[in-house]
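Visitor: This is entry.pdb, which holds PDB, C-alpha atoms:
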ATOM      1  CA  MET A 285      21.090  27.523  21.999  1.00  0.00           C
ATOM      2  CA  SER A 286      20.293  26.030  18.621  1.00  0.00           C
ATOM      3  CA  HIS A 287      17.424  23.754  17.910  1.00  0.00           C
ATOM      4  CA  ASP A 288      17.922  21.045  15.299  1.00  0.00           C
ATOM      5  CA  PRO A 289      14.884  20.727  13.041  1.00  0.00           C
ATOM      6  CA  ALA A 290      13.286  17.324  12.599  1.00  0.00           C
ATOM      7  CA  PRO A 291      15.144  15.309   9.971  1.00  0.00           C
ATOM      8  CA  SER A 292      13.638  15.520   6.513  1.00  0.00           C
ATOM      9  CA  GLN A 293      11.819  12.468   5.283  1.00  0.00           C
ATOM     10  CA  LEU A 294      11.383  10.956   1.857  1.00  0.00           C
ATOM     11  CA  SER A 295       7.959  10.067   0.517  1.00  0.00           C
ATOM     12  CA  PHE A 296       6.373   9.187  -2.803  1.00  0.00           C
ATOM     13  CA  SER A 297       2.950   8.804  -4.389  1.00  0.00           C
ATOM     14  CA  VAL A 298       1.930   6.490  -7.216  1.00  0.00           C
ATOM     15  CA  SER A 299      -1.452   6.423  -8.889  1.00  0.00           C
ATOM     16  CA  GLY A 300      -3.523   4.683 -11.509  1.00  0.00           C
ATOM     17  CA  HIS A 301      -7.082   4.359 -12.762  1.00  0.00           C
ATOM     18  CA  ILE A 302      -9.174   1.209 -12.435  1.00  0.00           C
ATOM     19  CA  ALA A 303     -12.449   0.759 -14.327  1.00  0.00           C
ATOM     20  CA  LYS A 304     -14.473  -0.204 -11.236  1.00  0.00           C
ATOM     21  CA  THR A 305     -16.416   1.789  -8.631  1.00  0.00           C
ATOM     22  CA  CYS A 306     -14.706   3.202  -5.529  1.00  0.00           C
ATOM     23  CA  THR A 307     -16.463   0.600  -3.393  1.00  0.00           C
ATOM     24  CA  GLN A 308     -15.229  -2.281  -5.588  1.00  0.00           C
ATOM     25  CA  VAL A 309     -11.649  -0.977  -5.591  1.00  0.00           C
ATOM     26  CA  TYR A 310     -11.699  -0.187  -1.855  1.00  0.00           C
ATOM     27  CA  GLU A 311     -12.913  -3.734  -1.124  1.00  0.00           C
ATOM     28  CA  ALA A 312     -10.118  -5.194  -3.275  1.00  0.00           C
ATOM     29  CA  VAL A 313      -7.672  -3.656  -0.777  1.00  0.00           C
ATOM     30  CA  ALA A 314      -9.662  -3.999   2.482  1.00  0.00           C
ATOM     31  CA  ASP A 315     -10.881  -7.594   2.011  1.00  0.00           C
ATOM     32  CA  PRO A 316      -8.074 -10.083   2.798  1.00  0.00           C
ATOM     33  CA  GLU A 317      -9.468 -12.722   0.440  1.00  0.00           C
ATOM     34  CA  GLN A 318      -9.390 -10.343  -2.517  1.00  0.00           C
ATOM     35  CA  LEU A 319      -6.001  -8.862  -1.545  1.00  0.00           C
ATOM     36  CA  SER A 320      -4.563 -12.393  -1.341  1.00  0.00           C
ATOM     37  CA  ALA A 321      -5.817 -13.160  -4.857  1.00  0.00           C
ATOM     38  CA  TYR A 322      -3.628 -10.584  -6.623  1.00  0.00           C
ATOM     39  CA  PHE A 323      -1.118  -9.039  -4.170  1.00  0.00           C
ATOM     40  CA  THR A 324      -0.213 -10.814  -0.913  1.00  0.00           C
ATOM     41  CA  THR A 325       0.916 -14.066  -2.521  1.00  0.00           C
ATOM     42  CA  GLY A 326       1.399 -15.735   0.886  1.00  0.00           C
ATOM     43  CA  GLY A 327      -1.979 -14.506   2.088  1.00  0.00           C
ATOM     44  CA  ALA A 328      -3.515 -11.629   4.009  1.00  0.00           C
ATOM     45  CA  LYS A 329      -5.139 -12.190   7.387  1.00  0.00           C
ATOM     46  CA  GLY A 330      -7.645  -9.701   8.762  1.00  0.00           C
ATOM     47  CA  ARG A 331      -9.858  -7.062   7.205  1.00  0.00           C
ATOM     48  CA  LEU A 332      -8.503  -3.518   7.017  1.00  0.00           C
ATOM     49  CA  GLU A 333     -10.645  -1.743   9.632  1.00  0.00           C
ATOM     50  CA  THR A 334      -9.720   1.205  11.860  1.00  0.00           C
ATOM     51  CA  GLY A 335      -7.716   0.003  14.858  1.00  0.00           C
ATOM     52  CA  ALA A 336      -6.996  -3.488  13.512  1.00  0.00           C
ATOM     53  CA  THR A 337      -3.580  -5.079  13.140  1.00  0.00           C
ATOM     54  CA  VAL A 338      -3.524  -7.514  10.224  1.00  0.00           C
ATOM     55  CA  SER A 339      -0.773  -9.534   8.564  1.00  0.00           C
ATOM     56  CA  TRP A 340       0.422  -9.639   4.986  1.00  0.00           C
ATOM     57  CA  ASP A 341       2.641 -12.440   3.700  1.00  0.00           C
ATOM     58  CA  PHE A 342       4.457 -12.592   0.368  1.00  0.00           C
ATOM     59  CA  HIS A 343       5.884 -15.802  -1.093  1.00  0.00           C
ATOM     60  CA  ASP A 344       8.347 -13.757  -3.132  1.00  0.00           C
ATOM     61  CA  PHE A 345       9.616 -11.702  -0.141  1.00  0.00           C
ATOM     62  CA  PRO A 346      10.365 -13.580   3.100  1.00  0.00           C
ATOM     63  CA  GLY A 347       8.425 -12.917   6.242  1.00  0.00           C
ATOM     64  CA  VAL A 348       4.999 -11.939   7.456  1.00  0.00           C
ATOM     65  CA  PHE A 349       4.437  -8.196   7.821  1.00  0.00           C
ATOM     66  CA  PRO A 350       2.201  -6.871  10.602  1.00  0.00           C
ATOM     67  CA  VAL A 351       0.141  -3.947   9.297  1.00  0.00           C
ATOM     68  CA  LYS A 352      -1.596  -1.474  11.630  1.00  0.00           C
ATOM     69  CA  VAL A 353      -4.747   0.181  10.303  1.00  0.00           C
ATOM     70  CA  LEU A 354      -4.894   3.794  11.491  1.00  0.00           C
ATOM     71  CA  GLU A 355      -7.940   4.760   9.439  1.00  0.00           C
ATOM     72  CA  ALA A 356     -10.422   2.963   7.197  1.00  0.00           C
ATOM     73  CA  GLU A 357     -13.080   5.224   5.685  1.00  0.00           C
ATOM     74  CA  VAL A 358     -15.259   3.216   3.286  1.00  0.00           C
ATOM     75  CA  PRO A 359     -14.953   3.721   0.285  1.00  0.00           C
ATOM     76  CA  ARG A 360     -12.542   6.674   0.188  1.00  0.00           C
ATOM     77  CA  ARG A 361      -9.399   6.147   2.284  1.00  0.00           C
ATOM     78  CA  ILE A 362      -7.236   3.616   4.112  1.00  0.00           C
ATOM     79  CA  VAL A 363      -4.227   4.651   6.205  1.00  0.00           C
ATOM     80  CA  LEU A 364      -1.752   1.977   7.344  1.00  0.00           C
ATOM     81  CA  GLN A 365       1.518   1.774   9.235  1.00  0.00           C
ATOM     82  CA  TRP A 366       4.133  -0.903   8.891  1.00  0.00           C
ATOM     83  CA  GLU A 367       7.764  -1.347   9.813  1.00  0.00           C
ATOM     84  CA  ALA A 368      10.252  -0.156   7.234  1.00  0.00           C
ATOM     85  CA  ASN A 369      14.003  -0.397   6.928  1.00  0.00           C
ATOM     86  CA  HIS A 370      15.601   3.055   7.062  1.00  0.00           C
ATOM     87  CA  SER A 371      12.463   4.728   8.387  1.00  0.00           C
ATOM     88  CA  ALA A 372      12.902   8.203   9.879  1.00  0.00           C
ATOM     89  CA  ALA A 373       9.877   7.706  12.139  1.00  0.00           C
ATOM     90  CA  PRO A 374      10.765   7.241  15.835  1.00  0.00           C
ATOM     91  CA  ASP A 375       9.022   3.854  15.900  1.00  0.00           C
ATOM     92  CA  ALA A 376      10.400   2.841  12.447  1.00  0.00           C
ATOM     93  CA  GLN A 377       6.825   2.692  11.130  1.00  0.00           C
ATOM     94  CA  ASN A 378       6.159   4.119   7.680  1.00  0.00           C
ATOM     95  CA  THR A 379       2.708   5.440   6.826  1.00  0.00           C
ATOM     96  CA  VAL A 380       0.908   4.220   3.702  1.00  0.00           C
ATOM     97  CA  THR A 381      -2.223   6.031   2.526  1.00  0.00           C
ATOM     98  CA  PHE A 382      -4.648   4.758  -0.095  1.00  0.00           C
ATOM     99  CA  ASP A 383      -6.983   7.408  -1.516  1.00  0.00           C
ATOM    100  CA  PHE A 384      -9.855   6.220  -3.711  1.00  0.00           C
ATOM    101  CA  GLN A 385     -11.212   9.005  -5.929  1.00  0.00           C
ATOM    102  CA  PRO A 386     -14.347   8.494  -8.052  1.00  0.00           C
ATOM    103  CA  GLN A 387     -13.951   9.369 -11.736  1.00  0.00           C
ATOM    104  CA  ASP A 388     -16.412   9.455 -14.636  1.00  0.00           C
ATOM    105  CA  ASP A 389     -19.586   9.221 -12.515  1.00  0.00           C
ATOM    106  CA  ASN A 390     -17.881   6.562 -10.343  1.00  0.00           C
ATOM    107  CA  SER A 391     -17.463   4.171 -13.256  1.00  0.00           C
ATOM    108  CA  ARG A 392     -13.704   4.414 -12.661  1.00  0.00           C
ATOM    109  CA  THR A 393     -11.563   5.008  -9.592  1.00  0.00           C
ATOM    110  CA  LYS A 394      -8.282   6.861  -9.342  1.00  0.00           C
ATOM    111  CA  VAL A 395      -6.162   5.167  -6.683  1.00  0.00           C
ATOM    112  CA  VAL A 396      -3.364   7.203  -5.111  1.00  0.00           C
ATOM    113  CA  ILE A 397      -0.926   5.358  -2.823  1.00  0.00           C
ATOM    114  CA  THR A 398       1.469   7.474  -0.757  1.00  0.00           C
ATOM    115  CA  GLU A 399       4.169   6.076   1.504  1.00  0.00           C
ATOM    116  CA  SER A 400       6.258   8.284   3.740  1.00  0.00           C
ATOM    117  CA  ALA A 401       8.873   8.417   6.486  1.00  0.00           C
ATOM    118  CA  TRP A 402      12.108   7.140   4.969  1.00  0.00           C
ATOM    119  CA  GLN A 403      15.367   8.635   6.118  1.00  0.00           C
ATOM    120  CA  ASP A 404      16.731  11.231   3.708  1.00  0.00           C
ATOM    121  CA  THR A 405      19.833   9.117   3.084  1.00  0.00           C
ATOM    122  CA  ALA A 406      21.106   6.945   0.241  1.00  0.00           C
ATOM    123  CA  GLU A 407      19.825   3.850   2.075  1.00  0.00           C
ATOM    124  CA  GLY A 408      16.458   5.502   2.709  1.00  0.00           C
ATOM    125  CA  ALA A 409      16.171   6.444  -0.952  1.00  0.00           C
ATOM    126  CA  THR A 410      16.985   2.884  -2.042  1.00  0.00           C
ATOM    127  CA  ALA A 411      14.316   1.510   0.314  1.00  0.00           C
ATOM    128  CA  ALA A 412      11.784   4.106  -0.888  1.00  0.00           C
ATOM    129  CA  PHE A 413      12.473   3.292  -4.546  1.00  0.00           C
ATOM    130  CA  GLY A 414      11.962  -0.406  -3.819  1.00  0.00           C
ATOM    131  CA  ASN A 415       8.593   0.202  -2.183  1.00  0.00           C
ATOM    132  CA  CYS A 416       7.626   2.648  -4.926  1.00  0.00           C
ATOM    133  CA  GLU A 417       8.205  -0.199  -7.390  1.00  0.00           C
ATOM    134  CA  GLY A 418       6.159  -2.526  -5.168  1.00  0.00           C
ATOM    135  CA  TRP A 419       3.144  -0.215  -4.895  1.00  0.00           C
ATOM    136  CA  THR A 420       3.230   0.493  -8.646  1.00  0.00           C
ATOM    137  CA  GLY A 421       3.206  -3.262  -9.215  1.00  0.00           C
ATOM    138  CA  MET A 422       0.325  -3.612  -6.763  1.00  0.00           C
ATOM    139  CA  LEU A 423      -1.734  -1.042  -8.699  1.00  0.00           C
ATOM    140  CA  ALA A 424      -1.051  -2.809 -12.006  1.00  0.00           C
ATOM    141  CA  ALA A 425      -1.866  -6.195 -10.469  1.00  0.00           C
ATOM    142  CA  MET A 426      -5.097  -4.862  -8.944  1.00  0.00           C
ATOM    143  CA  LYS A 427      -6.174  -3.390 -12.300  1.00  0.00           C
ATOM    144  CA  CYS A 428      -5.463  -6.656 -14.148  1.00  0.00           C
ATOM    145  CA  TRP A 429      -7.276  -8.721 -11.525  1.00  0.00           C
ATOM    146  CA  LEU A 430     -10.329  -6.479 -11.084  1.00  0.00           C
ATOM    147  CA  GLU A 431     -10.827  -5.667 -14.766  1.00  0.00           C
ATOM    148  CA  TYR A 432      -9.702  -8.912 -16.435  1.00  0.00           C
ATOM    149  CA  GLY A 433      -9.375 -11.637 -13.784  1.00  0.00           C
ATOM    150  CA  ILE A 434      -5.640 -12.005 -14.474  1.00  0.00           C
ATOM    151  CA  VAL A 435      -3.176 -12.590 -11.600  1.00  0.00           C
ATOM    152  CA  LEU A 436      -0.258 -10.463 -12.768  1.00  0.00           C
ATOM    153  CA  ARG A 437       1.986 -11.063  -9.754  1.00  0.00           C
ATOM    154  CA  GLU A 438       2.186 -14.844 -10.216  1.00  0.00           C
ATOM    155  CA  GLY A 439       5.820 -15.564 -11.113  1.00  0.00           C
ATOM    156  CA  PHE A 440       6.602 -11.861 -11.549  1.00  0.00           C
ATOM    157  CA  TYR A 441       9.229 -11.426  -8.817  1.00  0.00           C
ATOM    158  CA  LYS A 442      10.657 -14.987  -8.709  1.00  0.00           C
TER     159      LYS A 442
END
Represent the structure of the file as structure tokens.

Guide:
Amino acid sequence: MSHDPAPSQLSFSVSGHIAKTCTQVYEAVADPEQLSAYFTTGGAKGRLETGATVSWDFHDFPGVFPVKVLEAEVPRRIVLQWEANHSAAPDAQNTVTFDFQPQDDNSRTKVVITESAWQDTAEGATAAFGNCEGWTGMLAAMKCWLEYGIVLREGFYK
């Protein structure tokens, strides 16, 4: 009797450095008012706290996305789940992890965003590449907003 192994899954990580403390950068993701200023153009509702389900809305992508917070460890880590097209997870929920790493005596923060659980198919790869682009854009937008007060996403996708 053969046993089929679990299907392989695609994942990616993107990272960047922001010239703010871990706490400041963590709050820019966890606080819905700040997140809405530079990323969730249609607004974020609910603070990212362990066990919460919040919503993210984007004017440039239709629909409100429910986001489940699996873990929120101030100021080091946030782990989320949200529904993804072509997810290999049984519940079609991809996992997104934000790691906040202090650099240069905590005068800068390295942010690493990892998303995983796409099907190892052409469609899964296309979906993963799209989200990889989105999270890279989020990092750039967060850096511009936190360091310079510029809203990079305004008019970027539409």

Visitor: As a compact mmCIF listing (two decimals) with C-alpha atoms, in the frame of the given file, please: the residues near Ala303 of chain A (cut-off 12 Å, all atoms listed in the file, same-chain neighbours under 3 positions excluded).

Guide:
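Saved result, result-v2.txt, follows:
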# COMPACT_ATOMS: atom_id res chain seq x y z
CA GLY A 300 -3.52 4.68 -11.51
CA CYS A 306 -14.71 3.20 -5.53
CA THR A 307 -16.46 0.60 -3.39
CA GLN A 308 -15.23 -2.28 -5.59
CA VAL A 309 -11.65 -0.98 -5.59
CA GLN A 385 -11.21 9.01 -5.93
CA PRO A 386 -14.35 8.49 -8.05
CA GLN A 387 -13.95 9.37 -11.74
CA ASP A 388 -16.41 9.46 -14.64
CA ASP A 389 -19.59 9.22 -12.52
CA ASN A 390 -17.88 6.56 -10.34
CA SER A 391 -17.46 4.17 -13.26
CA ARG A 392 -13.70 4.41 -12.66
CA THR A 393 -11.56 5.01 -9.59
CA LYS A 394 -8.28 6.86 -9.34
CA VAL A 395 -6.16 5.17 -6.68
CA MET A 426 -5.10 -4.86 -8.94
CA LYS A 427 -6.17 -3.39 -12.30
CA CYS A 428 -5.46 -6.66 -14.15
CA TRP A 429 -7.28 -8.72 -11.52
CA LEU A 430 -10.33 -6.48 -11.08
CA GLU A 431 -10.83 -5.67 -14.77
CA TYR A 432 -9.70 -8.91 -16.43

Visitor: Of the candidates A:Phe384, A:Phe349, A:Phe323, A:Phe342, which shows the shortest atom-to-atom distance to Thr305 of chain A, using all atoms listed in the file?

Guide: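 Under the stated criterion, the closest residue is A:Phe384.
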
Visitor: Applying 12 Å and all atoms listed in the file, which residues near Arg437 of chain A remain after dropping the ones on its own chain fewer than 5 positions away? List them as a list in words.

Guide: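 Once the nearby chain positions are removed, what remains is Leu319, Ser320, Ala321, Tyr322, Phe323, Thr324, Thr325, Gly326, Phe342, His343, Asp344, Gly418, Trp419, Thr420, Gly421, Met422, Leu423, Ala424, Ala425, Met426, Lys427, Cys428, Trp429 and Lys442 of chain A.
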
Visitor: Please return the centre and edge lengths, in Å to one decimal, of a box with edges along x, y and z that contains all listed atoms of segment 378-397 of chain A, widened by 5 Å on every side, as lines of an AutoDock Vina configuration file.

Guide:
center_x = -6.7
center_y = 6.8
center_z = -3.5
size_x = 35.7
size_y = 15.3
size_z = 32.3

Visitor: Between A:Trp340, A:Leu332, A:Thr410, A:Ala368, which is the closest to Leu354 of chain A once you count all atoms listed in the file?

Guide: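 Of A:Trp340, A:Leu332, A:Thr410, A:Ala368, the one nearest Leu354 of chain A, counting all atoms listed in the file, is A:Leu332.
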